[in-house]
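Novice: This one is entry-v1.pdb, PDB, C-alpha atoms.
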```
ATOM      1  CA  MET A1083     -18.808 -14.725   5.035
ATOM      2  CA  GLU A1084     -16.052 -14.828   7.642
ATOM      3  CA  PRO A1085     -14.305 -11.477   7.904
ATOM      4  CA  LEU A1086     -10.650 -11.044   6.965
ATOM      5  CA  ARG A1087      -8.427 -10.803  10.033
ATOM      6  CA  ILE A1088      -4.863  -9.548   9.963
ATOM      7  CA  ARG A1089      -3.495  -9.297  13.495
ATOM      8  CA  ASP A1090      -6.195  -7.342  15.336
ATOM      9  CA  ARG A1091      -7.619  -5.680  12.227
ATOM     10  CA  VAL A1092     -10.901  -7.064  10.926
ATOM     11  CA  PHE A1093     -12.324  -6.349   7.476
ATOM     12  CA  ARG A1094     -15.656  -7.481   6.085
ATOM     13  CA  SER A1095     -14.371  -7.194   2.517
ATOM     14  CA  ARG A1096     -11.534  -9.299   1.172
ATOM     15  CA  LEU A1097     -10.564  -6.716  -1.402
ATOM     16  CA  ILE A1098      -7.973  -4.037  -0.765
ATOM     17  CA  LEU A1099      -7.856  -1.229  -3.270
ATOM     18  CA  GLY A1100      -5.195   1.249  -4.282
ATOM     19  CA  SER A1101      -5.581   4.999  -4.641
ATOM     20  CA  GLY A1102      -3.320   5.557  -7.657
ATOM     21  CA  LYS A1103      -3.992   6.215 -11.340
ATOM     22  CA  TYR A1104      -7.629   7.266 -10.962
ATOM     23  CA  ARG A1105      -9.011  10.085 -13.112
ATOM     24  CA  ASP A1106      -9.856  11.979  -9.918
ATOM     25  CA  TYR A1107     -10.579  11.471  -6.238
ATOM     26  CA  ASP A1108     -14.347  11.363  -6.758
ATOM     27  CA  GLU A1109     -14.130   8.441  -9.152
ATOM     28  CA  MET A1110     -11.685   6.708  -6.809
ATOM     29  CA  VAL A1111     -14.081   6.893  -3.867
ATOM     30  CA  LEU A1112     -16.987   5.682  -6.036
ATOM     31  CA  CYS A1113     -14.850   2.652  -6.971
ATOM     32  CA  TRP A1114     -14.009   1.962  -3.333
ATOM     33  CA  GLU A1115     -17.693   2.072  -2.465
ATOM     34  CA  ALA A1116     -18.681  -0.166  -5.399
ATOM     35  CA  SER A1117     -16.005  -2.727  -4.488
ATOM     36  CA  GLY A1118     -17.067  -2.943  -0.852
ATOM     37  CA  THR A1119     -13.449  -2.468   0.282
ATOM     38  CA  GLU A1120     -12.667  -1.324   3.813
ATOM     39  CA  CYS A1121      -8.926  -0.935   3.345
ATOM     40  CA  VAL A1122      -7.058   1.235   0.863
ATOM     41  CA  THR A1123      -3.394   1.692   0.057
ATOM     42  CA  VAL A1124      -1.637   5.032  -0.248
ATOM     43  CA  ALA A1125       1.914   6.189  -0.955
ATOM     44  CA  LEU A1126       4.149   8.782   0.724
ATOM     45  CA  ARG A1127       5.826  11.482  -1.319
ATOM     46  CA  ARG A1128       7.393  14.900  -0.915
ATOM     47  CA  VAL A1129       4.845  17.680  -0.626
ATOM     48  CA  ASP A1130       4.683  19.963  -3.635
ATOM     49  CA  LEU A1131       6.402  23.041  -2.182
ATOM     50  CA  ARG A1132       4.606  25.460  -4.462
ATOM     51  CA  HIS A1133       1.117  24.024  -4.806
ATOM     52  CA  GLU A1134       0.342  21.863  -1.769
ATOM     53  CA  ARG A1135      -1.591  24.656  -0.072
ATOM     54  CA  GLU A1136      -4.125  24.902  -2.909
ATOM     55  CA  GLN A1137      -4.519  21.167  -3.422
ATOM     56  CA  ARG A1138      -6.934  18.728  -1.868
ATOM     57  CA  ASN A1139      -4.907  16.436   0.369
ATOM     58  CA  LEU A1140      -5.657  12.731   0.145
ATOM     59  CA  LEU A1141      -6.226  12.675   3.913
ATOM     60  CA  ASP A1142      -9.104  15.136   3.408
ATOM     61  CA  VAL A1143     -10.645  12.748   0.876
ATOM     62  CA  ILE A1144     -10.482   9.465   2.786
ATOM     63  CA  ASP A1145     -13.236   8.861   5.343
ATOM     64  CA  ARG A1146     -11.224   6.994   7.934
ATOM     65  CA  LYS A1147     -14.309   5.686   9.673
ATOM     66  CA  ARG A1148     -15.052   3.679   6.531
ATOM     67  CA  PHE A1149     -11.621   2.969   5.114
ATOM     68  CA  THR A1150      -8.501   1.819   6.910
ATOM     69  CA  ILE A1151      -5.402   3.365   5.362
ATOM     70  CA  LEU A1152      -2.581   0.970   4.455
ATOM     71  CA  PRO A1153       0.497   3.073   3.618
ATOM     72  CA  ASN A1154       2.974   1.482   1.226
ATOM     73  CA  THR A1155       6.710   1.853   0.777
ATOM     74  CA  ALA A1156       6.455   1.854  -3.015
ATOM     75  CA  GLY A1157       9.446   3.390  -4.726
ATOM     76  CA  CYS A1158      11.933   2.172  -2.114
ATOM     77  CA  TYR A1159      14.913   0.322  -3.549
ATOM     78  CA  ASN A1160      16.618  -0.636  -0.298
ATOM     79  CA  ALA A1161      15.630  -1.699   3.206
ATOM     80  CA  GLU A1162      16.743   1.571   4.832
ATOM     81  CA  ASP A1163      14.465   3.719   2.649
ATOM     82  CA  ALA A1164      11.561   1.372   3.344
ATOM     83  CA  LEU A1165      12.158   1.757   7.089
ATOM     84  CA  ARG A1166      12.246   5.553   6.785
ATOM     85  CA  THR A1167       9.003   5.512   4.807
ATOM     86  CA  ALA A1168       7.217   3.254   7.297
ATOM     87  CA  ARG A1169       8.312   5.407  10.238
ATOM     88  CA  LEU A1170       7.180   8.582   8.458
ATOM     89  CA  SER A1171       3.766   7.078   7.774
ATOM     90  CA  ARG A1172       3.420   6.182  11.435
ATOM     91  CA  GLU A1173       4.416   9.734  12.330
ATOM     92  CA  LEU A1174       1.644  10.906   9.979
ATOM     93  CA  GLY A1175      -0.824   9.182  12.279
ATOM     94  CA  LEU A1176      -1.507   6.138  10.119
ATOM     95  CA  GLY A1177      -0.813   3.666  12.885
ATOM     96  CA  GLU A1178       1.131   0.437  12.760
ATOM     97  CA  LEU A1179       0.142  -0.809   9.318
ATOM     98  CA  VAL A1180       2.613  -0.929   6.479
ATOM     99  CA  LYS A1181       2.519  -2.521   3.069
ATOM    100  CA  LEU A1182       6.210  -3.192   2.784
ATOM    101  CA  GLU A1183       7.678  -3.093  -0.700
ATOM    102  CA  VAL A1184      11.372  -3.135  -1.409
ATOM    103  CA  ILE A1185      11.734  -3.057  -5.150
ATOM    104  CA  ALA A1186      14.767  -4.590  -6.864
ATOM    105  CA  ASP A1187      14.805  -2.665 -10.124
ATOM    106  CA  GLU A1188      12.799  -0.081 -11.949
ATOM    107  CA  GLU A1189      12.208  -2.088 -15.087
ATOM    108  CA  THR A1190      10.653  -5.223 -13.600
ATOM    109  CA  LEU A1191       9.442  -3.695 -10.313
ATOM    110  CA  LEU A1192      10.028  -7.152  -8.875
ATOM    111  CA  PRO A1193      10.657  -7.334  -5.136
ATOM    112  CA  ASP A1194      14.101  -7.621  -3.555
ATOM    113  CA  THR A1195      13.073 -10.411  -1.218
ATOM    114  CA  ALA A1196      16.294 -10.480   0.833
ATOM    115  CA  ALA A1197      15.990  -6.762   1.590
ATOM    116  CA  THR A1198      12.269  -7.207   2.284
ATOM    117  CA  VAL A1199      13.026  -9.889   4.875
ATOM    118  CA  GLU A1200      15.616  -7.617   6.492
ATOM    119  CA  ALA A1201      13.186  -4.671   6.660
ATOM    120  CA  THR A1202      10.377  -6.916   7.933
ATOM    121  CA  ARG A1203      12.516  -8.031  10.853
ATOM    122  CA  VAL A1204      13.263  -4.452  11.923
ATOM    123  CA  LEU A1205       9.722  -3.140  11.472
ATOM    124  CA  ALA A1206       8.132  -6.103  13.249
ATOM    125  CA  ARG A1207      10.421  -5.419  16.201
ATOM    126  CA  GLU A1208       9.282  -1.787  16.179
ATOM    127  CA  GLY A1209       5.666  -2.910  16.492
ATOM    128  CA  PHE A1210       4.568  -2.564  12.883
ATOM    129  CA  SER A1211       2.044  -4.901  11.315
ATOM    130  CA  VAL A1212       4.053  -5.701   8.199
ATOM    131  CA  TRP A1213       2.153  -6.791   5.109
ATOM    132  CA  ALA A1214       5.049  -7.883   2.953
ATOM    133  CA  TYR A1215       4.940  -7.697  -0.825
ATOM    134  CA  THR A1216       6.925 -10.590  -2.267
ATOM    135  CA  ASN A1217       7.537 -12.831  -5.218
ATOM    136  CA  ASP A1218       5.347 -15.855  -5.924
ATOM    137  CA  ASP A1219       8.017 -17.847  -4.115
ATOM    138  CA  PRO A1220       7.044 -20.172  -1.238
ATOM    139  CA  VAL A1221      10.571 -20.023   0.208
ATOM    140  CA  ALA A1222      10.568 -16.222   0.359
ATOM    141  CA  ALA A1223       7.055 -16.259   1.853
ATOM    142  CA  ARG A1224       8.211 -18.590   4.608
ATOM    143  CA  ALA A1225      11.241 -16.383   5.331
ATOM    144  CA  LEU A1226       9.019 -13.310   5.625
ATOM    145  CA  GLU A1227       6.688 -15.087   7.991
ATOM    146  CA  GLU A1228       9.635 -16.128  10.145
ATOM    147  CA  ALA A1229      10.902 -12.540  10.114
ATOM    148  CA  GLY A1230       7.616 -11.430  11.669
ATOM    149  CA  ALA A1231       5.347 -10.454   8.745
ATOM    150  CA  ALA A1232       1.662 -10.116   9.688
ATOM    151  CA  ALA A1233       0.678 -11.101   6.135
ATOM    152  CA  VAL A1234       2.506 -12.135   2.993
ATOM    153  CA  MET A1235       1.529 -10.683  -0.337
ATOM    154  CA  PRO A1236       2.856 -12.621  -3.321
ATOM    155  CA  LEU A1237       2.461 -10.987  -6.710
ATOM    156  CA  GLY A1238       0.157 -12.572  -9.269
ATOM    157  CA  ALA A1239       2.172 -10.907 -12.034
ATOM    158  CA  PRO A1240       4.384  -7.802 -12.258
ATOM    159  CA  ILE A1241       2.943  -4.560 -10.836
ATOM    160  CA  GLY A1242       0.621  -2.813 -13.263
ATOM    161  CA  SER A1243       0.851  -5.590 -15.861
ATOM    162  CA  GLY A1244      -2.676  -6.981 -15.568
ATOM    163  CA  LEU A1245      -1.376 -10.404 -16.610
ATOM    164  CA  GLY A1246      -3.288 -12.295 -13.915
ATOM    165  CA  ILE A1247      -2.084 -15.152 -11.727
ATOM    166  CA  LEU A1248       0.945 -16.425 -13.629
ATOM    167  CA  ASN A1249       1.965 -19.174 -11.225
ATOM    168  CA  PRO A1250      -1.132 -20.540  -9.513
ATOM    169  CA  ARG A1251       0.743 -23.582  -8.224
ATOM    170  CA  ASN A1252       3.218 -21.469  -6.320
ATOM    171  CA  ILE A1253       0.419 -19.335  -4.894
ATOM    172  CA  ALA A1254      -1.335 -22.533  -3.755
ATOM    173  CA  THR A1255       1.896 -23.764  -2.150
ATOM    174  CA  ILE A1256       2.344 -20.447  -0.319
ATOM    175  CA  VAL A1257      -1.243 -20.685   0.957
ATOM    176  CA  ALA A1258      -0.799 -24.302   2.060
ATOM    177  CA  ARG A1259       2.329 -23.545   4.096
ATOM    178  CA  ALA A1260       1.517 -20.110   5.512
ATOM    179  CA  LYS A1261       0.297 -19.527   9.042
ATOM    180  CA  VAL A1262      -0.351 -15.838   8.330
ATOM    181  CA  PRO A1263      -2.881 -14.471   5.827
ATOM    182  CA  VAL A1264      -1.856 -14.599   2.159
ATOM    183  CA  LEU A1265      -2.928 -11.790  -0.147
ATOM    184  CA  VAL A1266      -2.313 -11.680  -3.868
ATOM    185  CA  ASP A1267      -0.957  -8.239  -4.626
ATOM    186  CA  ALA A1268      -0.220  -7.009  -8.155
ATOM    187  CA  GLY A1269      -0.987  -8.377 -11.577
ATOM    188  CA  VAL A1270      -4.766  -8.574 -11.306
ATOM    189  CA  GLY A1271      -6.242  -7.419 -14.609
ATOM    190  CA  THR A1272      -9.851  -8.483 -14.491
ATOM    191  CA  ALA A1273     -12.491 -10.182 -12.361
ATOM    192  CA  SER A1274     -11.501 -13.765 -13.168
ATOM    193  CA  ASP A1275      -7.984 -13.082 -11.859
ATOM    194  CA  VAL A1276      -9.456 -12.174  -8.471
ATOM    195  CA  ALA A1277     -11.674 -15.262  -8.525
ATOM    196  CA  ILE A1278      -8.691 -17.506  -9.293
ATOM    197  CA  ALA A1279      -6.634 -16.019  -6.450
ATOM    198  CA  MET A1280      -9.482 -16.549  -4.015
ATOM    199  CA  GLU A1281     -10.220 -20.075  -5.291
ATOM    200  CA  LEU A1282      -6.583 -20.913  -4.583
ATOM    201  CA  GLY A1283      -7.305 -20.102  -0.954
ATOM    202  CA  CYS A1284      -5.854 -16.621  -0.678
ATOM    203  CA  ASP A1285      -7.305 -14.589   2.178
ATOM    204  CA  ALA A1286      -7.653 -11.412   0.149
ATOM    205  CA  VAL A1287      -6.606  -9.626  -3.031
ATOM    206  CA  LEU A1288      -5.031  -6.202  -3.377
ATOM    207  CA  LEU A1289      -5.421  -4.377  -6.667
ATOM    208  CA  ASN A1290      -5.246  -0.928  -8.169
ATOM    209  CA  THR A1291      -4.687  -0.625 -11.913
ATOM    210  CA  GLY A1292      -7.204  -3.378 -12.777
ATOM    211  CA  ILE A1293      -9.948  -1.039 -11.608
ATOM    212  CA  ALA A1294      -8.404   2.402 -12.140
ATOM    213  CA  LYS A1295      -7.549   1.696 -15.786
ATOM    214  CA  ALA A1296     -10.687  -0.224 -16.750
ATOM    215  CA  ARG A1297     -12.821   1.529 -19.355
ATOM    216  CA  ASP A1298     -15.536   1.878 -16.710
ATOM    217  CA  PRO A1299     -13.732   1.748 -13.340
ATOM    218  CA  VAL A1300     -16.853   1.801 -11.154
ATOM    219  CA  ALA A1301     -18.437  -1.080 -13.087
ATOM    220  CA  MET A1302     -15.155  -3.019 -12.842
ATOM    221  CA  ALA A1303     -15.027  -2.379  -9.094
ATOM    222  CA  ARG A1304     -18.465  -3.991  -8.811
ATOM    223  CA  ALA A1305     -17.258  -6.964 -10.900
ATOM    224  CA  MET A1306     -14.190  -7.372  -8.673
ATOM    225  CA  LYS A1307     -16.390  -7.436  -5.578
ATOM    226  CA  HIS A1308     -18.498 -10.287  -6.949
ATOM    227  CA  ALA A1309     -15.468 -12.186  -8.243
ATOM    228  CA  CYS A1310     -13.825 -11.961  -4.832
ATOM    229  CA  GLU A1311     -16.911 -13.283  -3.077
ATOM    230  CA  ALA A1312     -17.484 -15.998  -5.690
ATOM    231  CA  GLY A1313     -13.884 -17.155  -5.545
ATOM    232  CA  HIS A1314     -13.853 -17.250  -1.780
ATOM    233  CA  LEU A1315     -17.164 -19.149  -1.635
ATOM    234  CA  ALA A1316     -15.858 -21.645  -4.217
ATOM    235  CA  PHE A1317     -12.734 -22.175  -2.133
ATOM    236  CA  LEU A1318     -14.841 -22.799   0.975
ATOM    237  CA  ALA A1319     -17.144 -25.114  -1.003
ATOM    238  CA  GLY A1320     -14.172 -27.241  -2.116
ATOM    239  CA  ARG A1321     -13.913 -27.826  -5.828
ATOM    240  CA  MET A1322     -14.407 -31.237  -7.464
ATOM    241  CA  PRO A1323     -11.283 -33.215  -8.213
ATOM    242  CA  LYS A1324      -9.881 -32.740 -11.699
ATOM    243  CA  ARG A1325      -9.859 -35.794 -14.017
ATOM    244  CA  GLU A1326      -7.834 -36.512 -17.124
ATOM    245  CA  MET A1327     -10.781 -38.046 -19.016
ATOM    246  CA  ALA A1328     -14.469 -37.357 -19.499
ATOM    247  CA  ALA A1329     -17.063 -38.808 -17.111
ATOM    248  CA  PRO A1330     -20.762 -38.680 -18.078
ATOM    249  CA  SER A1331     -23.148 -36.788 -15.865
ATOM    250  CA  SER A1332     -26.169 -38.839 -17.041
ATOM    251  CA  PRO A1333     -26.382 -42.562 -16.082
ATOM    252  CA  ARG A1334     -24.869 -45.192 -18.394
ATOM    253  CA  GLU A1335     -27.559 -47.637 -17.273
ATOM    254  CA  GLY A1336     -31.108 -47.659 -18.618
ATOM    255  CA  ARG A1337     -30.257 -46.248 -21.975
ATOM    256  CA  PHE A1338     -32.916 -47.186 -24.570
ATOM    257  CA  THR A1339     -30.950 -45.953 -27.553
ATOM    258  CA  GLY A1340     -28.302 -47.921 -29.474
TER     259      GLY A1340
ATOM    260  CA  MET B 539      12.719  28.686  -1.926
ATOM    261  CA  ASN B 540      12.993  31.392   0.664
ATOM    262  CA  VAL B 541      11.312  30.768   3.925
ATOM    263  CA  ALA B 542      10.654  32.320   7.275
ATOM    264  CA  ARG B 543      13.057  35.201   7.203
ATOM    265  CA  ARG B 544      13.499  36.631  10.603
ATOM    266  CA  GLY B 545      15.685  39.363  12.037
ATOM    267  CA  GLY B 546      15.876  41.407   8.842
ATOM    268  CA  ALA B 547      19.191  41.294   7.090
ATOM    269  CA  GLY B 548      20.719  39.033   9.743
ATOM    270  CA  GLY B 549      22.540  35.887   8.752
ATOM    271  CA  SER B 550      20.766  33.206   6.836
ATOM    272  CA  VAL B 551      21.019  29.431   6.794
ATOM    273  CA  ARG B 552      21.116  27.410   3.633
ATOM    274  CA  PHE B 553      19.645  23.923   3.590
ATOM    275  CA  THR B 554      17.914  21.416   1.327
ATOM    276  CA  LEU B 555      14.144  21.183   1.420
ATOM    277  CA  ASN B 556      12.555  18.320  -0.513
ATOM    278  CA  GLY B 557      15.575  18.112  -2.771
ATOM    279  CA  GLU B 558      15.713  21.849  -3.519
ATOM    280  CA  GLU B 559      18.146  24.437  -2.247
ATOM    281  CA  ALA B 560      16.476  26.701   0.266
ATOM    282  CA  ALA B 561      17.383  29.504   2.630
ATOM    283  CA  ALA B 562      15.888  30.914   5.789
ATOM    284  CA  GLY B 563      16.688  33.531   8.358
ATOM    285  CA  GLU B 564      18.781  32.621  11.335
ATOM    286  CA  GLY B 565      16.607  30.938  13.964
ATOM    287  CA  ALA B 566      13.967  29.661  11.550
ATOM    288  CA  THR B 567      12.207  26.557  12.806
ATOM    289  CA  VAL B 568      10.852  23.425  11.194
ATOM    290  CA  GLY B 569       7.383  24.642  12.205
ATOM    291  CA  GLN B 570       7.825  27.807  10.147
ATOM    292  CA  LEU B 571       8.908  25.777   7.117
ATOM    293  CA  VAL B 572       5.939  23.481   7.410
ATOM    294  CA  ASP B 573       3.480  26.351   7.771
ATOM    295  CA  ARG B 574       4.846  27.894   4.590
ATOM    296  CA  VAL B 575       4.076  24.831   2.490
ATOM    297  CA  VAL B 576       0.917  23.318   3.992
ATOM    298  CA  ARG B 577      -2.293  24.547   5.556
ATOM    299  CA  ASP B 578      -2.555  21.739   8.085
ATOM    300  CA  ARG B 579       0.390  20.315   9.985
ATOM    301  CA  SER B 580      -1.461  17.053  10.549
ATOM    302  CA  ARG B 581      -1.186  16.315   6.813
ATOM    303  CA  VAL B 582       2.607  15.971   6.804
ATOM    304  CA  ALA B 583       5.502  14.211   8.428
ATOM    305  CA  VAL B 584       9.001  15.669   8.603
ATOM    306  CA  GLU B 585      12.470  14.209   8.471
ATOM    307  CA  ARG B 586      15.555  16.264   9.308
ATOM    308  CA  ASN B 587      18.846  14.654   8.355
ATOM    309  CA  ARG B 588      17.046  11.303   8.142
ATOM    310  CA  GLU B 589      15.647  11.597  11.673
ATOM    311  CA  ILE B 590      11.932  12.095  12.197
ATOM    312  CA  VAL B 591      10.959  15.404  13.778
ATOM    313  CA  PRO B 592       7.850  14.721  15.875
ATOM    314  CA  ARG B 593       5.054  17.240  15.340
ATOM    315  CA  ALA B 594       5.313  18.378  18.971
ATOM    316  CA  ARG B 595       8.896  19.473  18.337
ATOM    317  CA  TYR B 596       8.408  21.439  15.087
ATOM    318  CA  ASP B 597       8.507  24.809  16.835
ATOM    319  CA  SER B 598      11.504  24.012  18.997
ATOM    320  CA  THR B 599      13.597  22.497  16.189
ATOM    321  CA  ALA B 600      15.795  25.051  14.479
ATOM    322  CA  VAL B 601      16.850  24.681  10.875
ATOM    323  CA  GLU B 602      20.613  24.602  10.656
ATOM    324  CA  GLU B 603      23.109  25.226   7.889
ATOM    325  CA  GLY B 604      23.369  22.207   5.601
ATOM    326  CA  ASP B 605      20.273  20.441   6.941
ATOM    327  CA  VAL B 606      18.490  18.052   4.633
ATOM    328  CA  ILE B 607      14.776  18.305   5.328
ATOM    329  CA  GLU B 608      11.987  16.236   3.836
ATOM    330  CA  VAL B 609       8.334  17.158   4.246
ATOM    331  CA  VAL B 610       6.113  14.320   3.041
ATOM    332  CA  THR B 611       2.430  13.668   2.693
ATOM    333  CA  LEU B 612       0.069  11.023   1.329
ATOM    334  CA  VAL B 613      -0.548  10.597  -2.366
ATOM    335  CA  GLY B 614      -2.396   8.024  -4.426
ATOM    336  CA  GLY B 615      -0.636   4.696  -4.806
ATOM    337  CA  GLY B 616      -1.151   0.967  -5.074
TER     338      GLY B 616
END
```
Will you turn the file into structure tokens for me?

Specialist:
Amino acid sequence: MEPLRIRDRVFRSRLILGSGKYRDYDEMVLCWEASGTECVTVALRRVDLRHEREQRNLLDVIDRKRFTILPNTAGCYNAEDALRTARLSRELGLGELVKLEVIADEETLLPDTAATVEATRVLAREGFSVWAYTNDDPVAARALEEAGAAAVMPLGAPIGSGLGILNPRNIATIVARAKVPVLVDAGVGTASDVAIAMELGCDAVLLNTGIAKARDPVAMARAMKHACEAGHLAFLAGRMPKREMAAPSSPREGRFTG
Amino acid sequence: MNVARRGGAGGSVRFTLNGEEAAAGEGATVGQLVDRVVRDRSRVAVERNREIVPRARYDSTAVEEGDVIEVVTLVGGG
């Protein structure tokens, strides 16, 4: 299979996994391995002033030769905070990558697309490779691309909801118009959701809760890997046209009955 | 939290560290703060009054009265 390319980064897997909500770091890494991912998202937060020294730091857990770290700006509710977060992650030595999220409100966790466009413009100018989380809105996706996003990441459904790909037609429209890679980010609940996203022509899928909160996360990670490959192969194969009515698969001619 | 007291009973500076009130001896540096809370400086990034303090300048950056300092690290997220 063709690798995933985003700017000058190349990944053999088209799955990007999160690092949140796992029972522990060991299970998280087992899931990453089972999924085949080569890119994982992380968040930035204040260090725990009293306990950080005794804790295992996430950077001690991630083998950076195997996994590229994609820091996010989750929890930012305005462009300025997202810029601060991206700059801090670069200062931490994570390079130019940023999964840019500017969230509009705490209840829906839906993106503030205007603020995301504004932050994309600034970060792109500063040399960041901006992977922009956005609504399933082709107009917003186009605006982000024009602002300099390296990839656009429309949601399948609200973050953490597991509701799947709620608006496949919009995702298909985003894919058809985009010149940068399109990744479905958020909403993936199970393997078929990944397959659908990939069949629609997405370049990759980013997910976290769908694996972390499965009854058996490692087994689900394996399922997601196969679904991603199957969906991508089906997209490349080109599906049959849909028809309104039935059409027999066996010949009408030569029937010897009735 | 009380950090990096230096110079005995000399003056102290009050500032905000990760959202908490903190105090340190006069002349305390960002480097001293960081060393108090983490084992490895490479695991954190620091903002002082919304400006990044590069790691190379931790030891030459003094903490001043009223500073707002954030020390951040990576955590799990999606």

Novice: Selected by the PyMOL selection byres ((chain B) within 6 of (chain A)) in the shown coordinates: which residues, as number ranges by chain?

Specialist: B: 575-577, 583, 609-616

Novice: I'd like the residues picked by the PyMOL selection byres ((chain B and resi 606) around 6) written out as an MDAnalysis selection string, using the chain letters and numbers from the file.

Specialist: chainID B and resid 554 586:587 605 607

Novice: Can you translate the PyMOL selection byres ((chain B and resi 599-601) around 9) into the concrete residues it hits in this file, as an NGL selection string?

Specialist: :B and (551-553 or 562 or 564-569 or 571 or 586 or 591 or 595-598 or 602-605 or 607)

Novice: Have a look at A:Pro1323, A:Gly1209, A:Pro1085, A:Gly1271 and name the one nearest to Leu1179 of chain A; count all atoms listed in the file.

Specialist: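 Result for the nearest residue to Leu1179 of chain A: A:Gly1209.
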
Novice: Report the distance between atom CA of Pro1263 of chain A and atom CA of Val1204 of chain A in Å, rounded to one decimal place.

Specialist: 20.0 Å

Novice: Between A:Arg1091, A:Arg1337, A:Arg1105, A:His1308, which has the minimum distance to Ala1294 of chain A (counting only C-alpha atoms)?

Specialist: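 Ranked by minimum distance to Ala1294 of chain A, first place goes to A:Arg1105.
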
Novice: Given all atoms listed in the file as the basis, pick out the residue of A:Gly1269, A:Pro1193, A:Gly1320, A:Pro1299 nearest to Cys1113 of chain A.

Specialist: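 Among the listed residues, A:Pro1299 lies closest to Cys1113 of chain A.
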
Novice: State, in Å with one decimal place, the distance from atom CA of Ala1196 of chain A to atom CA of Thr1216 of chain A.

Specialist: 9.9 Å

Novice: Just to confirm, what's the straight-line distance from atom CA of Val582 of chain B to atom CA of Val1180 of chain A in Å (one decimal)?

Specialist: 16.9 Å
